[in-house]
file run13.tsv (TSV, C-alpha atoms and all ligand atoms)
chain	number	residue	atom	x	y	z
A	14	MET	CA	-0.90	0.16	-14.84
A	15	ALA	CA	2.29	0.23	-12.84
A	16	THR	CA	1.99	-1.75	-9.62
A	17	ASN	CA	3.93	-3.79	-7.08
A	18	ALA	CA	2.18	-7.16	-6.87
A	19	ALA	CA	3.40	-8.05	-3.39
A	20	PHE	CA	0.66	-6.33	-1.44
A	21	GLU	CA	-2.18	-8.72	-0.76
A	22	PRO	CA	-5.18	-8.19	-0.93
A	23	TYR	CA	-4.69	-5.12	-3.16
A	24	GLU	CA	-2.28	-6.69	-5.69
A	25	PHE	CA	-0.61	-10.08	-5.59
A	26	VAL	CA	0.27	-12.87	-7.96
A	27	ASP	CA	-2.04	-15.85	-8.07
A	28	GLY	CA	-1.73	-18.51	-10.73
A	29	GLY	CA	0.83	-16.39	-12.61
A	30	LYS	CA	-1.61	-13.47	-12.80
A	31	VAL	CA	-1.74	-10.19	-10.90
A	32	VAL	CA	-5.04	-10.19	-9.01
A	33	GLY	CA	-6.53	-8.25	-6.09
A	34	ILE	CA	-8.69	-5.26	-5.26
A	35	ASP	CA	-6.63	-2.76	-7.28
A	36	ALA	CA	-6.35	-5.05	-10.31
A	37	GLU	CA	-10.12	-5.55	-10.34
A	38	ILE	CA	-10.98	-1.89	-9.81
A	39	ALA	CA	-8.49	-0.91	-12.54
A	40	ASP	CA	-10.06	-3.47	-14.86
A	41	ALA	CA	-13.54	-2.11	-14.16
A	42	VAL	CA	-12.36	1.48	-14.77
A	43	CYS	CA	-10.65	0.50	-18.04
A	44	ASN	CA	-13.71	-1.44	-19.20
A	45	LYS	CA	-15.89	1.58	-18.62
A	46	LEU	CA	-13.52	3.82	-20.59
A	47	GLY	CA	-12.90	1.34	-23.42
A	48	TYR	CA	-9.25	0.64	-22.58
A	49	THR	CA	-7.49	-2.70	-22.27
A	50	LEU	CA	-5.72	-3.10	-18.93
A	51	VAL	CA	-2.06	-4.14	-19.05
A	52	ILE	CA	-0.34	-4.60	-15.69
A	53	ASP	CA	3.38	-3.95	-15.23
A	54	ASP	CA	4.76	-5.35	-11.95
A	55	MET	CA	7.74	-3.42	-10.49
A	56	ASP	CA	9.22	-2.26	-7.18
A	57	PHE	CA	6.87	0.10	-5.31
A	58	ASP	CA	9.59	2.70	-5.36
A	59	SER	CA	9.63	2.74	-9.20
A	60	ILE	CA	5.91	3.33	-9.76
A	61	ILE	CA	5.88	7.14	-9.62
A	62	THR	CA	8.84	7.36	-12.02
A	63	ALA	CA	7.08	4.95	-14.39
A	64	VAL	CA	4.09	7.29	-14.38
A	65	THR	CA	6.01	10.58	-14.66
A	66	SER	CA	8.17	9.19	-17.49
A	67	GLY	CA	5.14	7.96	-19.45
A	68	LYS	CA	6.17	4.31	-19.22
A	69	ALA	CA	2.85	3.70	-17.47
A	70	ASP	CA	-0.43	5.59	-17.88
A	71	PHE	CA	-1.25	5.22	-14.22
A	72	GLY	CA	-0.04	3.73	-10.97
A	73	MET	CA	-2.22	1.77	-8.56
A	74	ALA	CA	-0.65	-0.07	-5.65
A	75	GLY	CA	-2.49	0.62	-2.42
A	76	MET	CA	-0.88	4.00	-2.88
A	77	THR	CA	-1.59	6.63	-0.25
A	78	ILE	CA	-2.23	10.22	-1.26
A	79	THR	CA	0.57	12.36	0.20
A	80	ASP	CA	1.49	16.01	-0.32
A	81	GLU	CA	5.00	15.04	-1.33
A	82	ARG	CA	3.78	12.66	-4.07
A	83	LYS	CA	1.32	15.31	-5.24
A	84	GLN	CA	4.32	17.37	-6.29
A	85	SER	CA	5.19	14.71	-8.91
A	86	VAL	CA	1.83	13.16	-9.84
A	87	ASP	CA	-1.92	13.85	-9.81
A	88	PHE	CA	-4.20	11.60	-7.78
A	89	THR	CA	-7.78	10.58	-8.49
A	90	ASP	CA	-10.39	10.80	-5.75
A	91	PRO	CA	-9.70	8.16	-3.08
A	92	TYR	CA	-11.30	4.75	-3.60
A	93	THR	CA	-10.68	3.32	-0.11
A	94	ASN	CA	-9.13	3.98	3.32
A	95	ALA	CA	-6.31	2.26	5.12
A	96	VAL	CA	-4.30	2.55	8.29
A	97	GLN	CA	-0.66	1.89	9.12
A	98	VAL	CA	-0.15	-0.77	11.79
A	99	ILE	CA	2.77	-2.25	13.70
A	100	ILE	CA	3.65	-5.96	13.39
A	101	VAL	CA	5.81	-7.53	16.12
A	102	ASN	CA	6.76	-11.03	17.21
A	103	GLU	CA	4.28	-12.53	19.67
A	104	ASP	CA	6.91	-12.61	22.44
A	105	GLU	CA	8.05	-9.00	21.82
A	106	ASP	CA	8.33	-7.05	25.07
A	107	LYS	CA	10.15	-3.95	23.86
A	108	VAL	CA	7.61	-2.59	21.36
A	109	ALA	CA	4.05	-2.34	22.71
A	110	GLY	CA	2.95	0.78	20.86
A	111	ALA	CA	3.96	3.55	18.47
A	112	ASP	CA	5.91	5.40	21.17
A	113	ASP	CA	8.29	2.46	21.59
A	114	LEU	CA	9.25	2.69	17.91
A	115	LYS	CA	11.30	5.78	18.71
A	116	THR	CA	14.20	3.64	19.90
A	117	ALA	CA	13.52	0.38	18.00
A	118	VAL	CA	14.94	-1.31	14.90
A	119	ILE	CA	12.07	-0.95	12.42
A	120	GLY	CA	11.54	-2.77	9.13
A	121	VAL	CA	9.61	-0.99	6.36
A	122	GLN	CA	9.03	-1.22	2.64
A	123	LEU	CA	11.26	1.30	0.84
A	124	GLY	CA	9.53	4.50	-0.22
A	125	THR	CA	6.19	3.74	1.42
A	126	THR	CA	4.32	5.92	3.87
A	127	GLY	CA	5.42	3.50	6.62
A	128	ASP	CA	9.01	4.39	5.67
A	129	ILE	CA	8.20	8.11	5.68
A	130	TYR	CA	6.49	8.06	9.12
A	131	VAL	CA	9.16	6.10	10.96
A	132	SER	CA	12.01	8.06	9.37
A	133	ASP	CA	11.11	10.82	11.87
A	134	PHE	CA	12.15	8.44	14.65
A	135	GLU	CA	15.73	8.20	13.38
A	136	GLU	CA	16.51	11.37	15.34
A	137	SER	CA	15.52	9.70	18.61
A	138	GLY	CA	17.68	6.67	17.95
A	139	ALA	CA	15.46	4.33	15.91
A	140	LYS	CA	17.21	2.34	13.21
A	141	ILE	CA	15.30	1.83	9.95
A	142	GLU	CA	15.85	-1.21	7.72
A	143	ARG	CA	14.31	-0.64	4.28
A	144	PHE	CA	13.23	-3.57	2.09
A	145	ASN	CA	11.87	-3.74	-1.45
A	146	LYS	CA	9.07	-6.02	-0.33
A	147	GLY	CA	6.92	-5.98	2.78
A	148	ALA	CA	7.36	-9.76	2.92
A	149	ASP	CA	11.13	-9.33	3.29
A	150	ALA	CA	10.59	-6.91	6.19
A	151	VAL	CA	8.36	-9.47	7.90
A	152	LEU	CA	10.93	-12.22	7.23
A	153	ALA	CA	13.57	-10.05	8.96
A	154	LEU	CA	11.15	-9.70	11.90
A	155	THR	CA	10.72	-13.47	12.23
A	156	GLN	CA	14.52	-13.80	12.13
A	157	GLY	CA	14.88	-11.25	14.94
A	158	LYS	CA	16.74	-8.78	12.71
A	159	VAL	CA	14.17	-6.02	13.31
A	160	ASP	CA	11.94	-5.37	16.35
A	161	ALA	CA	8.85	-4.26	14.43
A	162	VAL	CA	7.46	-3.73	10.93
A	163	VAL	CA	5.25	-0.77	10.01
A	164	ILE	CA	2.96	-1.44	7.07
A	165	ASP	CA	-0.65	-1.04	5.84
A	166	ASN	CA	-3.30	-2.97	7.80
A	167	GLN	CA	-4.64	-5.35	5.16
A	168	PRO	CA	-1.26	-6.59	3.87
A	169	ALA	CA	-0.23	-6.80	7.55
A	170	LYS	CA	-3.08	-9.26	8.16
A	171	ALA	CA	-1.97	-11.36	5.20
A	172	PHE	CA	1.65	-11.36	6.42
A	173	VAL	CA	0.69	-12.29	9.99
A	174	ALA	CA	-1.51	-15.11	8.70
A	175	GLN	CA	1.48	-16.43	6.72
A	176	ASN	CA	4.05	-16.04	9.53
A	177	GLU	CA	3.31	-17.93	12.72
A	178	GLY	CA	4.50	-16.19	15.89
A	179	THR	CA	3.79	-12.64	14.63
A	180	LYS	CA	0.95	-10.30	15.63
A	181	ILE	CA	-0.46	-6.85	14.89
A	182	LEU	CA	-0.51	-4.36	17.78
A	183	ASP	CA	-3.96	-2.98	18.63
A	184	GLU	CA	-2.82	0.61	18.43
A	185	PRO	CA	-3.18	1.81	14.83
A	186	PHE	CA	-0.68	4.31	13.58
A	187	GLU	CA	-1.78	6.64	10.76
A	188	ASN	CA	-4.97	6.87	8.72
A	189	GLU	CA	-4.60	7.13	4.97
A	190	GLU	CA	-6.53	7.20	1.70
A	191	TYR	CA	-5.61	5.18	-1.38
A	192	ALA	CA	-5.95	6.63	-4.88
A	193	ILE	CA	-4.74	6.08	-8.43
A	194	CYS	CA	-1.82	8.28	-9.53
A	195	LEU	CA	-1.42	9.72	-13.03
A	196	ALA	CA	0.97	12.06	-14.78
A	197	LYS	CA	0.56	15.69	-13.80
A	198	GLY	CA	-2.09	17.30	-15.97
A	199	SER	CA	-3.16	13.98	-17.54
A	200	GLU	CA	-6.54	14.13	-19.25
A	201	LEU	CA	-7.19	10.64	-17.96
A	202	THR	CA	-7.61	11.85	-14.38
A	203	SER	CA	-11.10	13.31	-14.83
A	204	LYS	CA	-12.18	10.27	-16.86
A	205	PHE	CA	-10.90	7.98	-14.12
A	206	ASN	CA	-12.72	10.05	-11.48
A	207	GLN	CA	-15.96	9.79	-13.44
A	208	ALA	CA	-15.54	6.02	-13.82
A	209	LEU	CA	-14.63	5.62	-10.10
A	210	SER	CA	-17.65	7.65	-9.06
A	211	GLU	CA	-19.98	5.46	-11.18
A	212	LEU	CA	-18.36	2.30	-9.83
A	213	LYS	CA	-18.82	3.61	-6.27
A	214	SER	CA	-22.49	4.49	-6.83
A	215	ASP	CA	-23.42	1.20	-8.46
A	216	GLY	CA	-21.75	-0.81	-5.67
A	217	THR	CA	-19.01	-2.35	-7.86
A	218	ILE	CA	-16.13	-1.06	-5.71
A	219	ASP	CA	-17.77	-2.28	-2.48
A	220	LYS	CA	-18.36	-5.67	-4.05
A	221	ILE	CA	-14.72	-5.97	-5.19
A	222	ILE	CA	-13.42	-4.95	-1.74
A	223	LYS	CA	-15.76	-7.40	0.04
A	224	LYS	CA	-14.57	-10.19	-2.22
A	225	TYR	CA	-11.07	-9.83	-0.74
A	226	ILE	CA	-11.73	-8.38	2.77
A	227	SER	CA	-14.27	-10.19	4.88
A	228	GLU	CA	-14.84	-7.79	7.80
A	301	LIG	N1	0.13	2.76	1.32
A	301	LIG	C1	1.55	2.74	1.37
A	301	LIG	C2	2.09	3.84	0.52
A	301	LIG	O1	1.47	4.39	-0.28
A	301	LIG	C3	2.13	1.40	0.95
A	301	LIG	C4	1.82	0.98	-0.43
A	301	LIG	C5	2.53	-0.29	-0.90
A	301	LIG	O2	3.48	-0.74	-0.27
A	301	LIG	N2	2.09	-0.86	-1.96
A	301	LIG	O3	3.18	4.23	0.60

call {"tool": "encode", "arguments": {"input": "run13.tsv", "output": "structure tokens"}}
result
Amino acid sequence: MATNAAFEPYEFVDGGKVVGIDAEIADAVCNKLGYTLVIDDMDFDSIITAVTSGKADFGMAGMTITDERKQSVDFTDPYTNAVQVIIVNEDEDKVAGADDLKTAVIGVQLGTTGDIYVSDFEESGAKIERFNKGADAVLALTQGKVDAVVIDNQPAKAFVAQNEGTKILDEPFENEEYAICLAKGSELTSKFNQALSELKSDGTIDKIIKKYISE
């Protein structure tokens, strides 16, 4: 499994081990199929190449299904939903909603859907700062180097909890679905879908998600 373990609660390092919702779902899928899970931690932007080159059998990293990615990889059925949100400093008066991003300095994680969405705003004068880690984008926000960070809602909550003086704007941005990506035409995809469907029906996936997300 290729992942980027800097995306709590989906994948993060705890006690020297990659843990989180994705790590546990992947482990449950592999157990069902008789595989041993090995996790390879890399930049988010390298995951699809790891999968297309055969370095990894699959990628799982809170990864949103997009049409562009579908041109390089196959996705399983979605296993959960997410939404992009905007993080700002508590005393921010320039960015109060998505519309204000059009002229703001925005921090994102390189190659993520947040990056893709806000890139459209470059035309209207927004400046995009791209970081390898969401945490580095949030650090730049606390240092006043960017006006806002666009990132997935659950990691956003973790970042805001860890960075006093930051908040998430009420207005959500884009709805998305997370899925596992595999090489195009991989025979594993239908096996993974079967395993995911069993783990959905027997409540395993819900239980794993509730372990990490309280609401
Ligand atoms: N869901 C976003 C995407 O797929 C971000 C994923 C991540 O940063 N791990 O692009």

call {"tool": "closest_residue", "arguments": {"input": "run13.tsv", "among": "A:Met14, A:Ile221, A:Met76, A:Ala196", "to": "ligand LIG 301 (chain A)", "atoms": "all atoms listed in the file"}}
result
A:Met76

call {"tool": "residues_around", "arguments": {"input": "run13.tsv", "residues": "range 139-155 of chain A", "least_positions_apart": "6", "cutoff": "10 Å", "atoms": "all atoms listed in the file", "output": "ChimeraX atom specification"}}
result
/A:17-20,55-58,100-103,113-125,128,131-133,161-165,168-169,171-173,175-179

call {"tool": "closest_residue", "arguments": {"input": "run13.tsv", "among": "A:Ala36, A:Ala95, A:Val51, A:Val86", "to": "ligand LIG 301 (chain A)", "atoms": "only C-alpha atoms and all ligand atoms"}}
result
A:Ala95

call {"tool": "residues_around", "arguments": {"input": "run13.tsv", "residues": "range 205-217 of chain A", "least_positions_apart": "4", "cutoff": "9 Å", "atoms": "all atoms listed in the file", "output": "PyMOL selection string"}}
result
chain A and resi 38+41-43+45-46+89-92+193+201+221-222

call {"tool": "atom_distance", "arguments": {"input": "run13.tsv", "atom1": "CA of Ile34 in chain A", "atom2": "CA of Asp70 in chain A"}}
result
18.6 Å

call {"tool": "closest_residue", "arguments": {"input": "run13.tsv", "among": "A:Ala74, A:Gly67, A:Ala111, A:Phe134", "to": "Gln97 in chain A", "atoms": "all atoms listed in the file"}}
result
A:Ala111

call {"tool": "closest_residue", "arguments": {"input": "run13.tsv", "among": "A:Gly198, A:Gly72, A:Gly127, A:Gly29", "to": "ligand LIG 301 (chain A)", "atoms": "only C-alpha atoms and all ligand atoms"}}
result
A:Gly127

call {"tool": "residues_around", "arguments": {"input": "run13.tsv", "residues": "Thr93 in chain A", "least_positions_apart": "3", "cutoff": "8 Å", "atoms": "all atoms listed in the file", "output": "NGL selection string"}}
result
:A and (190-192)

call {"tool": "atom_distance", "arguments": {"input": "run13.tsv", "atom1": "CA of Phe186 in chain A", "atom2": "CA of Tyr23 in chain A"}}
result
19.6 Å

call {"tool": "atom_distance", "arguments": {"input": "run13.tsv", "atom1": "CA of Asn44 in chain A", "atom2": "CA of Thr79 in chain A"}}
result
27.8 Å

call {"tool": "closest_residue", "arguments": {"input": "run13.tsv", "among": "A:Thr16, A:Ser59, A:Ser137, A:Thr65", "to": "ligand LIG 301 (chain A)", "atoms": "all atoms listed in the file"}}
result
A:Thr16

call {"tool": "closest_residue", "arguments": {"input": "run13.tsv", "among": "A:Arg82, A:Lys158, A:Glu228, A:Gln167", "to": "Val96 in chain A", "atoms": "all atoms listed in the file"}}
result
A:Gln167

call {"tool": "build_atoms", "arguments": {"input": "run13.tsv", "residues": "range 125-136 of chain A", "atoms": "all heavy atoms", "output": "short mmCIF file (atom, residue, chain, number, x, y, z; two decimals), in the frame of the given file"}}
result
data_model
loop_
_atom_site.label_atom_id
_atom_site.label_comp_id
_atom_site.auth_asym_id
_atom_site.auth_seq_id
_atom_site.Cartn_x
_atom_site.Cartn_y
_atom_site.Cartn_z
N THR A 125 7.62 3.74 1.07
CA THR A 125 6.19 3.74 1.42
C THR A 125 5.93 4.76 2.52
O THR A 125 6.86 5.31 3.13
CB THR A 125 5.75 2.35 1.93
OG1 THR A 125 6.53 2.03 3.09
CG2 THR A 125 5.94 1.30 0.87
N THR A 126 4.66 4.97 2.81
CA THR A 126 4.32 5.92 3.87
C THR A 126 4.84 5.39 5.21
O THR A 126 5.22 6.18 6.07
CB THR A 126 2.80 6.18 3.93
OG1 THR A 126 2.12 4.95 3.79
CG2 THR A 126 2.39 7.10 2.81
N GLY A 127 4.85 4.07 5.40
CA GLY A 127 5.42 3.50 6.62
C GLY A 127 6.86 3.97 6.79
O GLY A 127 7.28 4.39 7.88
N ASP A 128 7.62 3.92 5.70
CA ASP A 128 9.01 4.39 5.67
C ASP A 128 9.07 5.88 6.05
O ASP A 128 9.84 6.30 6.92
CB ASP A 128 9.57 4.15 4.26
CG ASP A 128 11.04 4.55 4.10
OD1 ASP A 128 11.64 5.03 5.08
OD2 ASP A 128 11.58 4.37 2.99
N ILE A 129 8.20 6.66 5.44
CA ILE A 129 8.20 8.11 5.68
C ILE A 129 7.89 8.42 7.16
O ILE A 129 8.60 9.20 7.80
CB ILE A 129 7.19 8.82 4.75
CG1 ILE A 129 7.59 8.61 3.28
CG2 ILE A 129 7.07 10.31 5.08
CD1 ILE A 129 6.50 8.92 2.27
N TYR A 130 6.86 7.77 7.73
CA TYR A 130 6.49 8.06 9.12
C TYR A 130 7.60 7.71 10.09
O TYR A 130 7.93 8.50 10.98
CB TYR A 130 5.24 7.28 9.54
CG TYR A 130 4.02 7.64 8.75
CD1 TYR A 130 3.16 6.65 8.29
CD2 TYR A 130 3.72 8.96 8.46
CE1 TYR A 130 2.05 6.98 7.54
CE2 TYR A 130 2.61 9.29 7.71
CZ TYR A 130 1.77 8.30 7.25
OH TYR A 130 0.69 8.61 6.51
N VAL A 131 8.19 6.51 9.94
CA VAL A 131 9.16 6.10 10.96
C VAL A 131 10.50 6.80 10.77
O VAL A 131 11.30 6.84 11.71
CB VAL A 131 9.35 4.55 11.02
CG1 VAL A 131 8.03 3.87 11.34
CG2 VAL A 131 9.98 4.00 9.79
N SER A 132 10.74 7.35 9.59
CA SER A 132 12.01 8.06 9.37
C SER A 132 12.18 9.20 10.37
O SER A 132 13.30 9.54 10.75
CB SER A 132 12.09 8.59 7.94
OG SER A 132 12.23 7.49 7.06
N ASP A 133 11.05 9.77 10.85
CA ASP A 133 11.11 10.82 11.87
C ASP A 133 11.75 10.31 13.16
O ASP A 133 12.26 11.10 13.95
CB ASP A 133 9.70 11.31 12.23
CG ASP A 133 9.11 12.16 11.13
OD1 ASP A 133 9.87 12.56 10.22
OD2 ASP A 133 7.90 12.43 11.16
N PHE A 134 11.65 9.01 13.39
CA PHE A 134 12.15 8.44 14.65
C PHE A 134 13.66 8.22 14.63
O PHE A 134 14.25 7.88 15.66
CB PHE A 134 11.46 7.11 14.98
CG PHE A 134 9.98 7.22 15.17
CD1 PHE A 134 9.15 6.11 15.00
CD2 PHE A 134 9.39 8.42 15.55
CE1 PHE A 134 7.78 6.20 15.19
CE2 PHE A 134 8.01 8.52 15.73
CZ PHE A 134 7.21 7.41 15.55
N GLU A 135 14.27 8.41 13.46
CA GLU A 135 15.73 8.20 13.38
C GLU A 135 16.46 9.15 14.32
O GLU A 135 17.45 8.79 14.95
CB GLU A 135 16.22 8.35 11.94
CG GLU A 135 16.20 7.01 11.21
CD GLU A 135 16.45 7.12 9.71
OE1 GLU A 135 16.00 8.10 9.08
OE2 GLU A 135 17.10 6.22 9.17
N GLU A 136 15.90 10.36 14.45
CA GLU A 136 16.51 11.37 15.34
C GLU A 136 16.59 10.88 16.77
O GLU A 136 17.54 11.20 17.49
CB GLU A 136 15.61 12.62 15.37
CG GLU A 136 15.86 13.56 14.24
CD GLU A 136 14.80 14.66 14.22
OE1 GLU A 136 14.27 15.02 15.28
OE2 GLU A 136 14.53 15.14 13.10
#
